[in-house]
$ cat coords32.pdb   # PDB, C-alpha atoms
ATOM      1  CA  MET A   1    -165.835  46.930-108.495  1.00  0.00           C
ATOM      2  CA  ARG A   2    -168.759  49.142-109.485  1.00  0.00           C
ATOM      3  CA  ASP A   3    -168.182  48.395-113.178  1.00  0.00           C
ATOM      4  CA  LEU A   4    -168.055  44.676-112.491  1.00  0.00           C
ATOM      5  CA  THR A   5    -171.286  44.862-110.501  1.00  0.00           C
ATOM      6  CA  ALA A   6    -173.008  46.783-113.300  1.00  0.00           C
ATOM      7  CA  ARG A   7    -171.837  44.274-115.929  1.00  0.00           C
ATOM      8  CA  MET A   8    -172.959  41.351-113.769  1.00  0.00           C
ATOM      9  CA  ARG A   9    -176.410  42.878-113.382  1.00  0.00           C
ATOM     10  CA  ALA A  10    -176.650  43.485-117.125  1.00  0.00           C
ATOM     11  CA  ASP A  11    -175.418  39.981-118.028  1.00  0.00           C
ATOM     12  CA  GLY A  12    -177.112  38.201-115.144  1.00  0.00           C
ATOM     13  CA  GLY A  13    -173.761  36.598-114.284  1.00  0.00           C
ATOM     14  CA  GLU A  14    -172.302  35.868-110.885  1.00  0.00           C
ATOM     15  CA  VAL A  15    -168.747  35.870-109.535  1.00  0.00           C
ATOM     16  CA  SER A  16    -167.392  33.372-107.064  1.00  0.00           C
ATOM     17  CA  PRO A  17    -167.442  34.258-103.349  1.00  0.00           C
ATOM     18  CA  ALA A  18    -163.613  34.320-103.343  1.00  0.00           C
ATOM     19  CA  VAL A  19    -163.535  36.941-106.109  1.00  0.00           C
ATOM     20  CA  ARG A  20    -166.197  38.984-104.336  1.00  0.00           C
ATOM     21  CA  GLN A  21    -164.189  38.823-101.069  1.00  0.00           C
ATOM     22  CA  LEU A  22    -161.009  39.890-102.885  1.00  0.00           C
ATOM     23  CA  LEU A  23    -162.757  42.850-104.507  1.00  0.00           C
ATOM     24  CA  TYR A  24    -164.210  44.034-101.201  1.00  0.00           C
ATOM     25  CA  ALA A  25    -160.775  43.723 -99.527  1.00  0.00           C
ATOM     26  CA  LEU A  26    -159.161  45.771-102.305  1.00  0.00           C
ATOM     27  CA  HIS A  27    -161.870  48.413-102.046  1.00  0.00           C
ATOM     28  CA  ALA A  28    -161.448  48.657 -98.243  1.00  0.00           C
ATOM     29  CA  ALA A  29    -157.660  48.928 -98.581  1.00  0.00           C
ATOM     30  CA  ASP A  30    -158.039  51.686-101.181  1.00  0.00           C
ATOM     31  CA  GLU A  31    -160.379  53.682 -98.928  1.00  0.00           C
ATOM     32  CA  GLN A  32    -158.008  53.298 -95.966  1.00  0.00           C
ATOM     33  CA  HIS A  33    -155.064  54.415 -98.119  1.00  0.00           C
ATOM     34  CA  ALA A  34    -156.998  57.499 -99.271  1.00  0.00           C
ATOM     35  CA  ARG A  35    -157.504  58.596 -95.638  1.00  0.00           C
ATOM     36  CA  GLN A  36    -153.783  58.444 -94.765  1.00  0.00           C
ATOM     37  CA  PRO A  37    -151.348  61.352 -95.125  1.00  0.00           C
ATOM     38  CA  ALA A  38    -149.282  61.363 -98.312  1.00  0.00           C
ATOM     39  CA  GLY A  39    -146.208  59.156 -98.145  1.00  0.00           C
ATOM     40  CA  SER A  40    -147.378  57.265 -95.065  1.00  0.00           C
ATOM     41  CA  ALA A  41    -147.891  53.509 -94.978  1.00  0.00           C
ATOM     42  CA  ALA A  42    -150.392  51.893 -92.625  1.00  0.00           C
ATOM     43  CA  GLY A  43    -149.081  51.943 -89.069  1.00  0.00           C
ATOM     44  CA  THR A  44    -146.102  54.102 -89.986  1.00  0.00           C
ATOM     45  CA  PRO A  45    -145.771  57.320 -87.985  1.00  0.00           C
ATOM     46  CA  THR A  46    -145.527  60.502 -90.005  1.00  0.00           C
ATOM     47  CA  VAL A  47    -141.906  61.657 -90.139  1.00  0.00           C
ATOM     48  CA  ARG A  48    -140.946  65.288 -90.375  1.00  0.00           C
ATOM     49  CA  PRO A  49    -138.681  66.177 -93.284  1.00  0.00           C
ATOM     50  CA  ALA A  50    -135.033  66.143 -92.300  1.00  0.00           C
ATOM     51  CA  THR A  51    -133.369  69.483 -91.697  1.00  0.00           C
ATOM     52  CA  VAL A  52    -129.834  70.237 -92.759  1.00  0.00           C
ATOM     53  CA  GLU A  53    -127.571  71.171 -89.898  1.00  0.00           C
ATOM     54  CA  LEU A  54    -124.004  72.410 -89.997  1.00  0.00           C
ATOM     55  CA  THR A  55    -121.337  72.386 -87.311  1.00  0.00           C
ATOM     56  CA  ALA A  56    -119.971  75.628 -85.918  1.00  0.00           C
ATOM     57  CA  GLN A  57    -116.719  74.919 -87.798  1.00  0.00           C
ATOM     58  CA  GLU A  58    -118.583  74.625 -91.120  1.00  0.00           C
ATOM     59  CA  VAL A  59    -120.575  77.795 -90.400  1.00  0.00           C
ATOM     60  CA  ALA A  60    -117.364  79.621 -89.518  1.00  0.00           C
ATOM     61  CA  GLU A  61    -115.861  78.661 -92.871  1.00  0.00           C
ATOM     62  CA  LEU A  62    -118.958  79.869 -94.727  1.00  0.00           C
ATOM     63  CA  LEU A  63    -119.133  83.154 -92.806  1.00  0.00           C
ATOM     64  CA  GLU A  64    -115.344  83.570 -92.837  1.00  0.00           C
ATOM     65  CA  CYS A  65    -115.253  84.029 -89.078  1.00  0.00           C
ATOM     66  CA  SER A  66    -113.968  82.062 -86.105  1.00  0.00           C
ATOM     67  CA  PRO A  67    -115.794  78.961 -84.827  1.00  0.00           C
ATOM     68  CA  GLU A  68    -116.193  80.735 -81.477  1.00  0.00           C
ATOM     69  CA  TYR A  69    -118.104  83.578 -83.165  1.00  0.00           C
ATOM     70  CA  ALA A  70    -120.353  81.033 -84.914  1.00  0.00           C
ATOM     71  CA  ARG A  71    -121.051  79.386 -81.518  1.00  0.00           C
ATOM     72  CA  ARG A  72    -121.767  82.822 -80.022  1.00  0.00           C
ATOM     73  CA  LEU A  73    -124.348  83.484 -82.770  1.00  0.00           C
ATOM     74  CA  ALA A  74    -125.970  80.149 -81.922  1.00  0.00           C
ATOM     75  CA  ARG A  75    -125.954  80.786 -78.149  1.00  0.00           C
ATOM     76  CA  SER A  76    -127.453  84.245 -78.590  1.00  0.00           C
ATOM     77  CA  GLY A  77    -130.293  82.890 -80.756  1.00  0.00           C
ATOM     78  CA  ARG A  78    -129.310  84.808 -83.867  1.00  0.00           C
ATOM     79  CA  LEU A  79    -128.885  81.419 -85.545  1.00  0.00           C
ATOM     80  CA  ARG A  80    -131.317  78.569 -84.861  1.00  0.00           C
ATOM     81  CA  ALA A  81    -129.201  75.810 -83.376  1.00  0.00           C
ATOM     82  CA  ARG A  82    -129.105  72.961 -80.891  1.00  0.00           C
ATOM     83  CA  ARG A  83    -126.460  71.273 -78.809  1.00  0.00           C
ATOM     84  CA  ALA A  84    -125.488  67.665 -79.504  1.00  0.00           C
ATOM     85  CA  GLY A  85    -123.096  66.996 -76.674  1.00  0.00           C
ATOM     86  CA  PRO A  86    -120.207  69.449 -77.043  1.00  0.00           C
ATOM     87  CA  VAL A  87    -121.089  70.293 -80.667  1.00  0.00           C
ATOM     88  CA  TRP A  88    -123.370  73.078 -81.861  1.00  0.00           C
ATOM     89  CA  LEU A  89    -125.533  72.062 -84.842  1.00  0.00           C
ATOM     90  CA  ILE A  90    -126.779  75.101 -86.705  1.00  0.00           C
ATOM     91  CA  ASN A  91    -129.818  75.037 -88.993  1.00  0.00           C
ATOM     92  CA  ALA A  92    -128.772  75.726 -92.604  1.00  0.00           C
ATOM     93  CA  ASN A  93    -131.969  77.677 -93.387  1.00  0.00           C
ATOM     94  CA  SER A  94    -131.305  79.889 -90.374  1.00  0.00           C
ATOM     95  CA  LEU A  95    -127.771  80.493 -91.606  1.00  0.00           C
ATOM     96  CA  ASP A  96    -129.086  81.468 -95.061  1.00  0.00           C
ATOM     97  CA  ALA A  97    -131.565  83.877 -93.468  1.00  0.00           C
ATOM     98  CA  TYR A  98    -128.794  85.394 -91.329  1.00  0.00           C
ATOM     99  CA  ARG A  99    -126.545  85.829 -94.378  1.00  0.00           C
ATOM    100  CA  THR A 100    -129.271  87.533 -96.415  1.00  0.00           C
ATOM    101  CA  GLY A 101    -130.453  89.677 -93.522  1.00  0.00           C
ATOM    102  CA  SER A 102    -133.993  88.249 -93.463  1.00  0.00           C
ATOM    103  CA  ALA A 103    -135.759  87.110 -90.282  1.00  0.00           C
ATOM    104  CA  THR A 104    -134.921  83.643 -88.897  1.00  0.00           C
TER     105      THR A 104
END

$ encode --input "coords32.pdb" --output "structure tokens"
Amino acid sequence: MRDLTARMRADGGEVSPAVRQLLYALHAADEQHARQPAGSAAGTPTVRPATVELTAQEVAELLECSPEYARRLARSGRLRARRAGPVWLINANSLDAYRTGSAT
């Protein structure tokens, strides 16, 4: 838009009101887009990245232990987990930290 304005001033030309309105609308949309968080469309709430969760049965297979022991680790807080009805869903990053001995 700035380049067009500069060329019009140099040439003494004029654009139609419809073209001018379109250019201003595009400029306003670009400025609004620049103010939004990355990956977010106008009016769309920002969504947290999905986390990978495993069931107690899957964790038990990975740790080579019983599902009850995996649930006990979740209940005690040694693994970050949440209940979804009767099922424990255990955070995969927490499981990796537990397996490597680093803090959860």

$ closest_residue --input "coords32.pdb" --among "A:Gly13, A:Leu22, A:Asp96, A:Gly77" --to "Leu62 (chain A)" --atoms "all atoms listed in the file"
A:Asp96

$ resolve_selection --input "coords32.pdb" --expression "the PyMOL selection byres ((chain A and resi 88) around 9)" --output "NGL selection string"
:A and (54-56 or 71 or 74-75 or 81-87 or 89-90)

$ closest_residue --input "coords32.pdb" --among "A:Ala92, A:Ala97, A:Ala6, A:Ala29" --to "Val52 (chain A)" --atoms "only C-alpha atoms"
A:Ala92

$ resolve_selection --input "coords32.pdb" --expression "the PyMOL selection byres ((chain A and resi 70) around 9)" --output "mmCIF file with C-alpha atoms, in the coordinates of the input"
data_model
loop_
_atom_site.group_PDB
_atom_site.id
_atom_site.type_symbol
_atom_site.label_atom_id
_atom_site.label_comp_id
_atom_site.auth_asym_id
_atom_site.auth_seq_id
_atom_site.Cartn_x
_atom_site.Cartn_y
_atom_site.Cartn_z
ATOM 1 C CA ALA A 56 -119.971 75.628 -85.918
ATOM 2 C CA GLN A 57 -116.719 74.919 -87.798
ATOM 3 C CA VAL A 59 -120.575 77.795 -90.400
ATOM 4 C CA ALA A 60 -117.364 79.621 -89.518
ATOM 5 C CA LEU A 63 -119.133 83.154 -92.806
ATOM 6 C CA CYS A 65 -115.253 84.029 -89.078
ATOM 7 C CA SER A 66 -113.968 82.062 -86.105
ATOM 8 C CA PRO A 67 -115.794 78.961 -84.827
ATOM 9 C CA GLU A 68 -116.193 80.735 -81.477
ATOM 10 C CA TYR A 69 -118.104 83.578 -83.165
ATOM 11 C CA ARG A 71 -121.051 79.386 -81.518
ATOM 12 C CA ARG A 72 -121.767 82.822 -80.022
ATOM 13 C CA LEU A 73 -124.348 83.484 -82.770
ATOM 14 C CA ALA A 74 -125.970 80.149 -81.922
ATOM 15 C CA ARG A 75 -125.954 80.786 -78.149
ATOM 16 C CA LEU A 79 -128.885 81.419 -85.545
ATOM 17 C CA ILE A 90 -126.779 75.101 -86.705
#

$ atom_distance --input "coords32.pdb" --atom1 "CA of Glu31 (chain A)" --atom2 "CA of Asp3 (chain A)"
17.1 Å

$ atom_distance --input "coords32.pdb" --atom1 "CA of Ser94 (chain A)" --atom2 "CA of Glu61 (chain A)"
15.7 Å

$ closest_residue --input "coords32.pdb" --among "A:His27, A:Ser76, A:Ala50, A:Arg20" --to "Asn91 (chain A)" --atoms "only C-alpha atoms"
A:Ala50

$ atom_distance --input "coords32.pdb" --atom1 "CA of Arg78 (chain A)" --atom2 "CA of Glu53 (chain A)"
15.0 Å
